[in-house]
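Okay, upload-v5.pdb now, which holds PDB, C-alpha atoms:
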```
ATOM      1  CA  MET Y   1     107.283 197.645  91.308
ATOM      2  CA  SER Y   2     111.017 197.277  91.990
ATOM      3  CA  GLY Y   3     112.956 194.083  91.278
ATOM      4  CA  THR Y   4     113.152 193.369  95.035
ATOM      5  CA  ASP Y   5     109.402 193.812  95.480
ATOM      6  CA  ALA Y   6     108.698 191.590  92.486
ATOM      7  CA  ALA Y   7     110.954 188.865  93.875
ATOM      8  CA  ALA Y   8     109.262 189.062  97.260
ATOM      9  CA  GLN Y   9     105.845 188.830  95.616
ATOM     10  CA  LYS Y  10     106.974 185.792  93.627
ATOM     11  CA  VAL Y  11     108.158 184.022  96.787
ATOM     12  CA  ARG Y  12     104.901 184.754  98.614
ATOM     13  CA  THR Y  13     102.826 183.225  95.828
ATOM     14  CA  GLY Y  14     104.991 180.133  95.280
ATOM     15  CA  ARG Y  15     104.658 176.650  96.701
ATOM     16  CA  ILE Y  16     104.404 176.585 100.491
ATOM     17  CA  HIS Y  17     107.245 174.150 101.150
ATOM     18  CA  LEU Y  18     106.706 174.293 104.916
ATOM     19  CA  ILE Y  19     103.342 172.567 104.483
ATOM     20  CA  ASP Y  20     104.937 169.755 102.463
ATOM     21  CA  SER Y  21     107.560 169.279 105.190
ATOM     22  CA  ILE Y  22     104.929 169.202 107.952
ATOM     23  CA  ARG Y  23     102.889 166.630 106.066
ATOM     24  CA  GLY Y  24     106.017 164.587 105.356
ATOM     25  CA  PHE Y  25     107.018 164.557 109.018
ATOM     26  CA  THR Y  26     103.473 163.669 110.064
ATOM     27  CA  ILE Y  27     103.157 160.784 107.588
ATOM     28  CA  ILE Y  28     106.438 159.342 108.930
ATOM     29  CA  SER Y  29     105.035 159.615 112.441
ATOM     30  CA  MET Y  30     101.894 157.805 111.289
ATOM     31  CA  VAL Y  31     103.879 154.958 109.705
ATOM     32  CA  LEU Y  32     105.883 154.507 112.910
ATOM     33  CA  PHE Y  33     102.690 154.567 114.994
ATOM     34  CA  HIS Y  34     101.098 151.847 112.864
ATOM     35  CA  LEU Y  35     104.304 149.819 112.980
ATOM     36  CA  CYS Y  36     104.179 149.877 116.784
ATOM     37  CA  TYR Y  37     100.449 149.100 116.743
ATOM     38  CA  ASP Y  38     100.898 146.101 114.456
ATOM     39  CA  LEU Y  39     103.832 144.803 116.462
ATOM     40  CA  ARG Y  40     101.885 144.910 119.722
ATOM     41  CA  PHE Y  41      98.283 144.137 118.838
ATOM     42  CA  ILE Y  42      98.666 141.892 115.809
ATOM     43  CA  ASN Y  43     102.045 140.239 116.336
ATOM     44  CA  GLY Y  44     101.996 140.181 120.138
ATOM     45  CA  VAL Y  45     105.330 141.954 120.644
ATOM     46  CA  GLN Y  46     105.545 143.595 124.074
ATOM     47  CA  LEU Y  47     106.355 147.287 123.667
ATOM     48  CA  SER Y  48     106.564 148.768 127.148
ATOM     49  CA  PHE Y  49     106.270 152.383 125.967
ATOM     50  CA  PHE Y  50     103.255 151.814 123.709
ATOM     51  CA  ARG Y  51     100.559 152.244 126.354
ATOM     52  CA  PRO Y  52      97.129 153.927 126.188
ATOM     53  CA  SER Y  53      98.048 157.454 127.372
ATOM     54  CA  PHE Y  54     101.134 157.647 125.171
ATOM     55  CA  MET Y  55      99.255 156.047 122.283
ATOM     56  CA  ASP Y  56      96.431 158.574 122.545
ATOM     57  CA  VAL Y  57      98.746 161.590 122.524
ATOM     58  CA  TRP Y  58     100.763 160.211 119.612
ATOM     59  CA  ARG Y  59      97.632 159.348 117.599
ATOM     60  CA  ASP Y  60      96.096 162.765 118.245
ATOM     61  CA  SER Y  61      99.278 164.581 117.213
ATOM     62  CA  ILE Y  62      99.027 162.847 113.839
ATOM     63  CA  SER Y  63      95.325 163.191 113.100
ATOM     64  CA  TRP Y  64      94.967 166.721 114.437
ATOM     65  CA  THR Y  65      97.908 167.885 112.331
ATOM     66  CA  PHE Y  66      96.501 166.282 109.190
ATOM     67  CA  LEU Y  67      93.108 167.899 109.751
ATOM     68  CA  PHE Y  68      94.487 171.339 110.551
ATOM     69  CA  VAL Y  69      96.801 171.277 107.523
ATOM     70  CA  ALA Y  70      93.967 170.032 105.296
ATOM     71  CA  GLY Y  71      92.005 173.037 106.505
ATOM     72  CA  LEU Y  72      94.919 175.377 105.782
ATOM     73  CA  MET Y  73      95.047 174.072 102.234
ATOM     74  CA  TYR Y  74      91.346 174.783 101.698
ATOM     75  CA  ALA Y  75      92.209 178.376 100.772
ATOM     76  CA  GLN Y  76      94.902 177.190  98.325
ATOM     77  CA  SER Y  77      92.757 174.677  96.425
ATOM     78  CA  HIS Y  78      91.271 175.586  93.045
ATOM     79  CA  ASP Y  79      88.516 172.941  93.321
ATOM     80  CA  ASN Y  80      87.518 171.957  96.847
ATOM     81  CA  ALA Y  81      84.516 169.970  95.640
ATOM     82  CA  ARG Y  82      86.826 167.681  93.683
ATOM     83  CA  ARG Y  83      89.303 167.601  96.563
ATOM     84  CA  GLY Y  84      86.613 166.584  99.027
ATOM     85  CA  ALA Y  85      85.308 163.882  96.694
ATOM     86  CA  LYS Y  86      88.835 162.479  96.286
ATOM     87  CA  TYR Y  87      89.229 162.206 100.053
ATOM     88  CA  LEU Y  88      85.879 160.422 100.326
ATOM     89  CA  LEU Y  89      86.831 157.949  97.600
ATOM     90  CA  VAL Y  90      90.084 157.153  99.401
ATOM     91  CA  GLY Y  91      88.112 156.669 102.608
ATOM     92  CA  LEU Y  92      85.755 154.286 100.825
ATOM     93  CA  ALA Y  93      88.705 152.338  99.404
ATOM     94  CA  VAL Y  94      90.201 152.025 102.888
ATOM     95  CA  ARG Y  95      86.903 150.790 104.292
ATOM     96  CA  ILE Y  96      86.573 148.132 101.576
ATOM     97  CA  ALA Y  97      90.212 147.042 101.885
ATOM     98  CA  THR Y  98      90.152 146.732 105.676
ATOM     99  CA  THR Y  99      86.869 144.824 105.537
ATOM    100  CA  VAL Y 100      88.157 142.355 102.951
ATOM    101  CA  ALA Y 101      91.574 141.929 104.606
ATOM    102  CA  ASN Y 102      89.936 141.219 107.986
ATOM    103  CA  VAL Y 103      93.246 141.659 109.834
ATOM    104  CA  ASP Y 104      91.862 144.046 112.438
ATOM    105  CA  VAL Y 105      88.629 145.979 113.035
ATOM    106  CA  PRO Y 106      87.546 147.490 109.662
ATOM    107  CA  VAL Y 107      87.883 151.250 109.291
ATOM    108  CA  ARG Y 108      84.545 153.059 109.207
ATOM    109  CA  PHE Y 109      84.462 156.860 109.014
ATOM    110  CA  GLY Y 110      88.242 157.142 109.233
ATOM    111  CA  ILE Y 111      90.556 160.102 108.717
ATOM    112  CA  PHE Y 112      90.058 160.376 104.941
ATOM    113  CA  PHE Y 113      86.280 160.246 105.312
ATOM    114  CA  CYS Y 114      86.680 163.049 107.846
ATOM    115  CA  MET Y 115      88.853 165.226 105.614
ATOM    116  CA  GLY Y 116      86.462 164.723 102.705
ATOM    117  CA  ALA Y 117      83.332 165.470 104.704
ATOM    118  CA  CYS Y 118      84.993 168.462 106.379
ATOM    119  CA  THR Y 119      86.120 169.869 103.020
ATOM    120  CA  LEU Y 120      82.592 169.676 101.625
ATOM    121  CA  ALA Y 121      81.078 171.090 104.828
ATOM    122  CA  CYS Y 122      83.609 173.941 104.740
ATOM    123  CA  LEU Y 123      82.748 174.580 101.089
ATOM    124  CA  LEU Y 124      79.066 174.816 101.987
ATOM    125  CA  LEU Y 125      79.798 177.293 104.788
ATOM    126  CA  ASP Y 126      81.991 179.287 102.419
ATOM    127  CA  ARG Y 127      79.272 179.422  99.755
ATOM    128  CA  CYS Y 128      76.859 180.668 102.432
ATOM    129  CA  ARG Y 129      79.437 183.297 103.491
ATOM    130  CA  LEU Y 130      79.658 181.771 106.970
ATOM    131  CA  LEU Y 131      83.350 180.833 106.930
ATOM    132  CA  PRO Y 132      85.296 183.131 109.287
ATOM    133  CA  ARG Y 133      88.706 184.453 108.300
ATOM    134  CA  SER Y 134      90.604 185.851 111.287
ATOM    135  CA  VAL Y 135      93.149 184.723 113.858
ATOM    136  CA  PRO Y 136      90.719 185.150 116.803
ATOM    137  CA  ALA Y 137      88.174 182.971 114.963
ATOM    138  CA  CYS Y 138      90.876 180.353 114.350
ATOM    139  CA  LEU Y 139      91.710 180.259 118.064
ATOM    140  CA  ALA Y 140      88.025 180.202 119.042
ATOM    141  CA  LEU Y 141      87.367 177.207 116.776
ATOM    142  CA  ALA Y 142      90.394 175.370 118.187
ATOM    143  CA  GLY Y 143      89.087 176.044 121.699
ATOM    144  CA  ALA Y 144      85.613 174.843 120.746
ATOM    145  CA  PHE Y 145      87.189 171.676 119.358
ATOM    146  CA  LEU Y 146      88.762 170.941 122.736
ATOM    147  CA  LEU Y 147      85.458 171.621 124.517
ATOM    148  CA  VAL Y 148      83.517 169.114 122.407
ATOM    149  CA  LEU Y 149      86.299 166.535 122.131
ATOM    150  CA  GLY Y 150      84.274 164.112 124.265
ATOM    151  CA  VAL Y 151      81.158 164.207 122.075
ATOM    152  CA  ASN Y 152      81.839 160.689 120.759
ATOM    153  CA  SER Y 153      81.752 159.457 124.366
ATOM    154  CA  GLY Y 154      78.500 161.227 125.239
ATOM    155  CA  TYR Y 155      79.541 164.549 126.744
ATOM    156  CA  VAL Y 156      80.958 168.009 126.074
ATOM    157  CA  GLY Y 157      83.196 170.016 128.372
ATOM    158  CA  ILE Y 158      86.508 169.613 130.180
ATOM    159  CA  ASP Y 159      87.414 167.909 133.468
ATOM    160  CA  ASN Y 160      84.596 168.400 136.005
ATOM    161  CA  TRP Y 161      82.774 170.929 133.820
ATOM    162  CA  VAL Y 162      80.911 168.590 131.526
ATOM    163  CA  VAL Y 163      77.399 168.271 130.153
ATOM    164  CA  ARG Y 164      76.015 164.845 129.297
ATOM    165  CA  LEU Y 165      74.311 164.626 125.935
ATOM    166  CA  PRO Y 166      70.941 162.855 125.446
ATOM    167  CA  GLY Y 167      71.383 159.109 125.142
ATOM    168  CA  GLU Y 168      68.899 159.037 122.276
ATOM    169  CA  LEU Y 169      71.583 160.531 120.039
ATOM    170  CA  TYR Y 170      73.627 157.350 120.470
ATOM    171  CA  SER Y 171      70.869 154.766 120.369
ATOM    172  CA  TRP Y 172      70.619 154.751 116.579
ATOM    173  CA  GLY Y 173      73.690 153.658 114.612
ATOM    174  CA  GLY Y 174      72.829 155.938 111.704
ATOM    175  CA  LEU Y 175      74.472 158.956 113.355
ATOM    176  CA  ALA Y 176      77.957 157.462 113.754
ATOM    177  CA  TRP Y 177      79.241 159.511 110.780
ATOM    178  CA  LEU Y 178      78.204 162.699 112.563
ATOM    179  CA  GLY Y 179      79.831 161.808 115.892
ATOM    180  CA  PHE Y 180      77.160 159.900 117.833
ATOM    181  CA  PRO Y 181      78.170 156.202 117.678
ATOM    182  CA  SER Y 182      75.885 153.507 119.025
ATOM    183  CA  PRO Y 183      77.155 151.193 121.805
ATOM    184  CA  THR Y 184      77.793 148.446 119.226
ATOM    185  CA  PHE Y 185      79.688 150.649 116.759
ATOM    186  CA  GLU Y 186      83.287 149.612 116.008
ATOM    187  CA  SER Y 187      85.974 151.096 113.803
ATOM    188  CA  GLY Y 188      89.728 150.739 113.549
ATOM    189  CA  ASP Y 189      90.049 154.473 112.856
ATOM    190  CA  TYR Y 190      87.161 156.758 113.808
ATOM    191  CA  TYR Y 191      87.032 160.446 112.879
ATOM    192  CA  PRO Y 192      83.434 161.647 112.426
ATOM    193  CA  LEU Y 193      82.391 165.201 111.592
ATOM    194  CA  LEU Y 194      82.059 166.107 115.260
ATOM    195  CA  PRO Y 195      84.287 167.204 116.846
ATOM    196  CA  TYR Y 196      86.862 167.136 114.046
ATOM    197  CA  LEU Y 197      85.128 169.593 111.728
ATOM    198  CA  LEU Y 198      86.050 172.303 114.217
ATOM    199  CA  MET Y 199      89.775 171.514 113.898
ATOM    200  CA  TYR Y 200      89.495 171.580 110.098
ATOM    201  CA  LEU Y 201      87.612 174.894 110.213
ATOM    202  CA  SER Y 202      90.277 176.329 112.501
ATOM    203  CA  GLY Y 203      92.883 175.593 109.836
ATOM    204  CA  ALA Y 204      90.643 176.822 107.011
ATOM    205  CA  THR Y 205      90.013 180.078 108.861
ATOM    206  CA  LEU Y 206      93.719 180.711 109.351
ATOM    207  CA  GLY Y 207      94.475 179.736 105.745
ATOM    208  CA  ARG Y 208      91.875 182.152 104.402
ATOM    209  CA  HIS Y 209      93.188 184.899 106.688
ATOM    210  CA  LEU Y 210      96.787 184.393 105.532
ATOM    211  CA  ARG Y 211      95.802 184.380 101.874
ATOM    212  CA  GLU Y 212      93.838 187.597 102.188
ATOM    213  CA  LYS Y 213      96.717 189.237 104.066
ATOM    214  CA  GLY Y 214      99.169 188.534 101.254
ATOM    215  CA  GLY Y 215     100.308 184.989 101.893
ATOM    216  CA  TYR Y 216     102.385 183.071 104.408
ATOM    217  CA  PRO Y 217     105.628 184.453 105.908
ATOM    218  CA  ALA Y 218     108.524 184.314 103.457
ATOM    219  CA  TRP Y 219     110.283 181.544 105.411
ATOM    220  CA  ALA Y 220     107.308 179.228 104.830
ATOM    221  CA  TYR Y 221     108.186 179.180 101.105
ATOM    222  CA  ALA Y 222     111.818 178.152 101.678
ATOM    223  CA  GLN Y 223     112.557 174.654 100.442
ATOM    224  CA  GLY Y 224     113.194 171.993 103.075
ATOM    225  CA  PRO Y 225     114.638 168.476 102.723
ATOM    226  CA  ARG Y 226     113.556 167.196  99.320
ATOM    227  CA  TRP Y 227     112.844 163.654 100.552
ATOM    228  CA  LEU Y 228     110.615 164.991 103.342
ATOM    229  CA  GLU Y 229     108.691 167.225 100.967
ATOM    230  CA  PHE Y 230     108.340 164.340  98.527
ATOM    231  CA  LEU Y 231     106.603 162.299 101.230
ATOM    232  CA  GLY Y 232     104.463 165.315 102.098
ATOM    233  CA  ARG Y 233     103.301 165.646  98.488
ATOM    234  CA  HIS Y 234     102.383 161.950  98.291
ATOM    235  CA  THR Y 235     100.703 161.338 101.652
ATOM    236  CA  ILE Y 236      97.714 159.529 100.134
ATOM    237  CA  ALA Y 237      99.940 157.004  98.361
ATOM    238  CA  VAL Y 238     101.993 156.442 101.525
ATOM    239  CA  TYR Y 239      98.803 156.050 103.567
ATOM    240  CA  LEU Y 240      97.377 153.444 101.204
ATOM    241  CA  LEU Y 241     100.593 151.435 100.847
ATOM    242  CA  HIS Y 242     102.258 151.530 104.240
ATOM    243  CA  GLN Y 243     100.019 149.097 106.132
ATOM    244  CA  PRO Y 244     100.170 146.256 103.558
ATOM    245  CA  ILE Y 245     103.953 146.675 103.372
ATOM    246  CA  ILE Y 246     104.311 146.666 107.185
ATOM    247  CA  LEU Y 247     102.077 143.593 107.576
ATOM    248  CA  LEU Y 248     103.934 141.703 104.846
ATOM    249  CA  ALA Y 249     107.310 142.638 106.317
ATOM    250  CA  LEU Y 250     106.319 141.650 109.841
ATOM    251  CA  GLY Y 251     104.860 138.384 108.547
ATOM    252  CA  ASP Y 252     108.210 137.516 107.003
ATOM    253  CA  LEU Y 253     110.293 138.659 109.969
ATOM    254  CA  LEU Y 254     108.267 137.345 112.912
TER     255      LEU Y 254
END
```

Starting from the file, give its structure as structure tokens.
Amino acid sequence: MSGTDAAAQKVRTGRIHLIDSIRGFTIISMVLFHLCYDLRFINGVQLSFFRPSFMDVWRDSISWTFLFVAGLMYAQSHDNARRGAKYLLVGLAVRIATTVANVDVPVRFGIFFCMGACTLACLLLDRCRLLPRSVPACLALAGAFLLVLGVNSGYVGIDNWVVRLPGELYSWGGLAWLGFPSPTFESGDYYPLLPYLLMYLSGATLGRHLREKGGYPAWAYAQGPRWLEFLGRHTIAVYLLHQPIILLALGDLL
């Protein structure tokens, strides 16, 4: 192997700095979203732009990115069982903290529960040799995600092409974790296995494909802004700390 080939191989097996930058950008977006949410719904500040349609798109851009990237990183992890358990523990900590704080609706089956459950579900599929690993499969899973996006509201499909799911699925609160919440279920941040497992699997499929094809493109390994990558490498810490800091700051300012 020539010196040039060896250097190229080294780059393609190094840290994927692009992923750190994407996570850093997304965690900043999340902090700003929660700042706007707290200002409007907790402190009563009128934000004319922070309305349901805009809120939904902004929220989805954050959570969908986190789930897809978490799926991408499935192929890079040396211990996905431990990784999934860590996510679940963070989700449990968030549930306890939001219940005790009683500032807003407690978080039940939030984004970290989802990433943990999806990681373990993906691991099970992988062990059973059922995890796909191609670009068409990645796109198919992303399309399936969009088709079943309404499962938490009782239907699957898009626009006028929908199928209503049996109401019995939603009559028992014990299936909320799976994606079938009862009429009395409440959560400040709700991301059950369905439909979000499909978004995670879409990322995991692409990540596995890229790894088997020799890695990400060379430009994905180029270092970005250090401060942005730092945030991307510490998203869990930022997630756990940002809301208490925002609430304390707003309490002092308003």

Each side padded by 6 Å, which centre and which edge lengths in Å (one decimal) define the axis-aligned box around the listed atoms of stretch 210-223 of chain Y? Give them as lines of an AutoDock Vina configuration file.
```
center_x = 103.2
center_y = 181.9
center_z = 103.2
size_x = 30.7
size_y = 26.6
size_z = 17.5
```

Run the PyMOL selection byres ((chain Y and resi 30) around 9) on the file and write out the hits as a JSON list (two decimals) with C-alpha atoms, keeping the file's coordinate frame.
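File produced: out-v9.json:
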```
[["chain", "number", "residue", "atom", "x", "y", "z"],
["Y", 25, "PHE", "CA", 107.02, 164.56, 109.02],
["Y", 26, "THR", "CA", 103.47, 163.67, 110.06],
["Y", 27, "ILE", "CA", 103.16, 160.78, 107.59],
["Y", 28, "ILE", "CA", 106.44, 159.34, 108.93],
["Y", 29, "SER", "CA", 105.04, 159.62, 112.44],
["Y", 31, "VAL", "CA", 103.88, 154.96, 109.70],
["Y", 32, "LEU", "CA", 105.88, 154.51, 112.91],
["Y", 33, "PHE", "CA", 102.69, 154.57, 114.99],
["Y", 34, "HIS", "CA", 101.10, 151.85, 112.86],
["Y", 35, "LEU", "CA", 104.30, 149.82, 112.98],
["Y", 58, "TRP", "CA", 100.76, 160.21, 119.61],
["Y", 59, "ARG", "CA", 97.63, 159.35, 117.60],
["Y", 62, "ILE", "CA", 99.03, 162.85, 113.84],
["Y", 63, "SER", "CA", 95.32, 163.19, 113.10],
["Y", 239, "TYR", "CA", 98.80, 156.05, 103.57]]
```

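One distance worth recording is that between atom CA of Y:Gly44 and atom CA of Y:Pro106, which is 19.3 Å.
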
Residue members of the PyMOL selection byres ((chain Y and resi 20) around 8) in the file shown, as a tab-separated table (two decimals) with C-alpha atoms, in the frame of the given file:
```
chain	number	residue	atom	x	y	z
Y	16	ILE	CA	104.40	176.58	100.49
Y	17	HIS	CA	107.24	174.15	101.15
Y	18	LEU	CA	106.71	174.29	104.92
Y	19	ILE	CA	103.34	172.57	104.48
Y	21	SER	CA	107.56	169.28	105.19
Y	22	ILE	CA	104.93	169.20	107.95
Y	23	ARG	CA	102.89	166.63	106.07
Y	24	GLY	CA	106.02	164.59	105.36
Y	228	LEU	CA	110.62	164.99	103.34
Y	229	GLU	CA	108.69	167.22	100.97
Y	230	PHE	CA	108.34	164.34	98.53
Y	231	LEU	CA	106.60	162.30	101.23
Y	232	GLY	CA	104.46	165.32	102.10
Y	233	ARG	CA	103.30	165.65	98.49
```

Within 9 Å of stretch 38-40 of chain Y using all atoms listed in the file, minus same-chain residues under 2 positions, as a ChimeraX atom specification
/Y:33-36,42-47,50,243,246-247,250

At a cut-off of 12 Å, using all atoms listed in the file, what residues contact stretch 136-138 of chain Y? Leave out same-chain residues fewer than 2 positions from it and give the result as a ChimeraX atom specification.
/Y:68,71-72,130-134,140-145,198-210

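For the atom pair formed by atom CA of Y:Asp189 and atom CA of Y:Phe109, the distance is 7.2 Å, given to one decimal.
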
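Put simply, atom CA of Y:Gly157 is 13.7 Å away from atom CA of Y:Leu194.
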
Identify all residues satisfying the PyMOL selection byres ((chain Y and resi 185) around 12) in the given file; provide them as a count of residues only.
26

Tell me which protein, DNA and RNA residues are within 7 Å of Y:Tyr191, counting all atoms listed in the file, leaving out same-chain ones fewer than 5 positions away, and put them as a PyMOL selection string.
chain Y and resi 109-111+114+196

Got a sec: who's within 7 Å of stretch 83-88 of chain Y, counting all atoms listed in the file, leaving out chain neighbours fewer than 6 positions off, as a PDB file with C-alpha atoms, keeping the file's coordinate frame?
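Saved file selection-v9.pdb follows:
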```
ATOM      1  CA  PHE Y 112      90.058 160.376 104.941  1.00  0.00           C
ATOM      2  CA  PHE Y 113      86.280 160.246 105.312  1.00  0.00           C
ATOM      3  CA  MET Y 115      88.853 165.226 105.614  1.00  0.00           C
ATOM      4  CA  GLY Y 116      86.462 164.723 102.705  1.00  0.00           C
ATOM      5  CA  ALA Y 117      83.332 165.470 104.704  1.00  0.00           C
ATOM      6  CA  THR Y 119      86.120 169.869 103.020  1.00  0.00           C
ATOM      7  CA  LEU Y 120      82.592 169.676 101.625  1.00  0.00           C
TER       8      LEU Y 120
END
```

Anything within 6 Å of (77.0, 166.0, 125.0): list those residues as a list in words, counting all atoms listed in the file and sticking to the file's coordinates.
Val151, Gly154, Tyr155, Val156, Val163, Arg164 and Leu165 of chain Y

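Restricting the calculation to only C-alpha atoms, the smallest distance between Y:Phe41 and any of Y:Leu193, Y:Ile245, Y:Ile236, Y:Val103 is found for Y:Val103.
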
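Candidate residues Y:Gly14, Y:Ala218, Y:Cys128, Y:Ala121 were compared for distance to Y:Gln76, and the nearest is Y:Gly14, using only C-alpha atoms.
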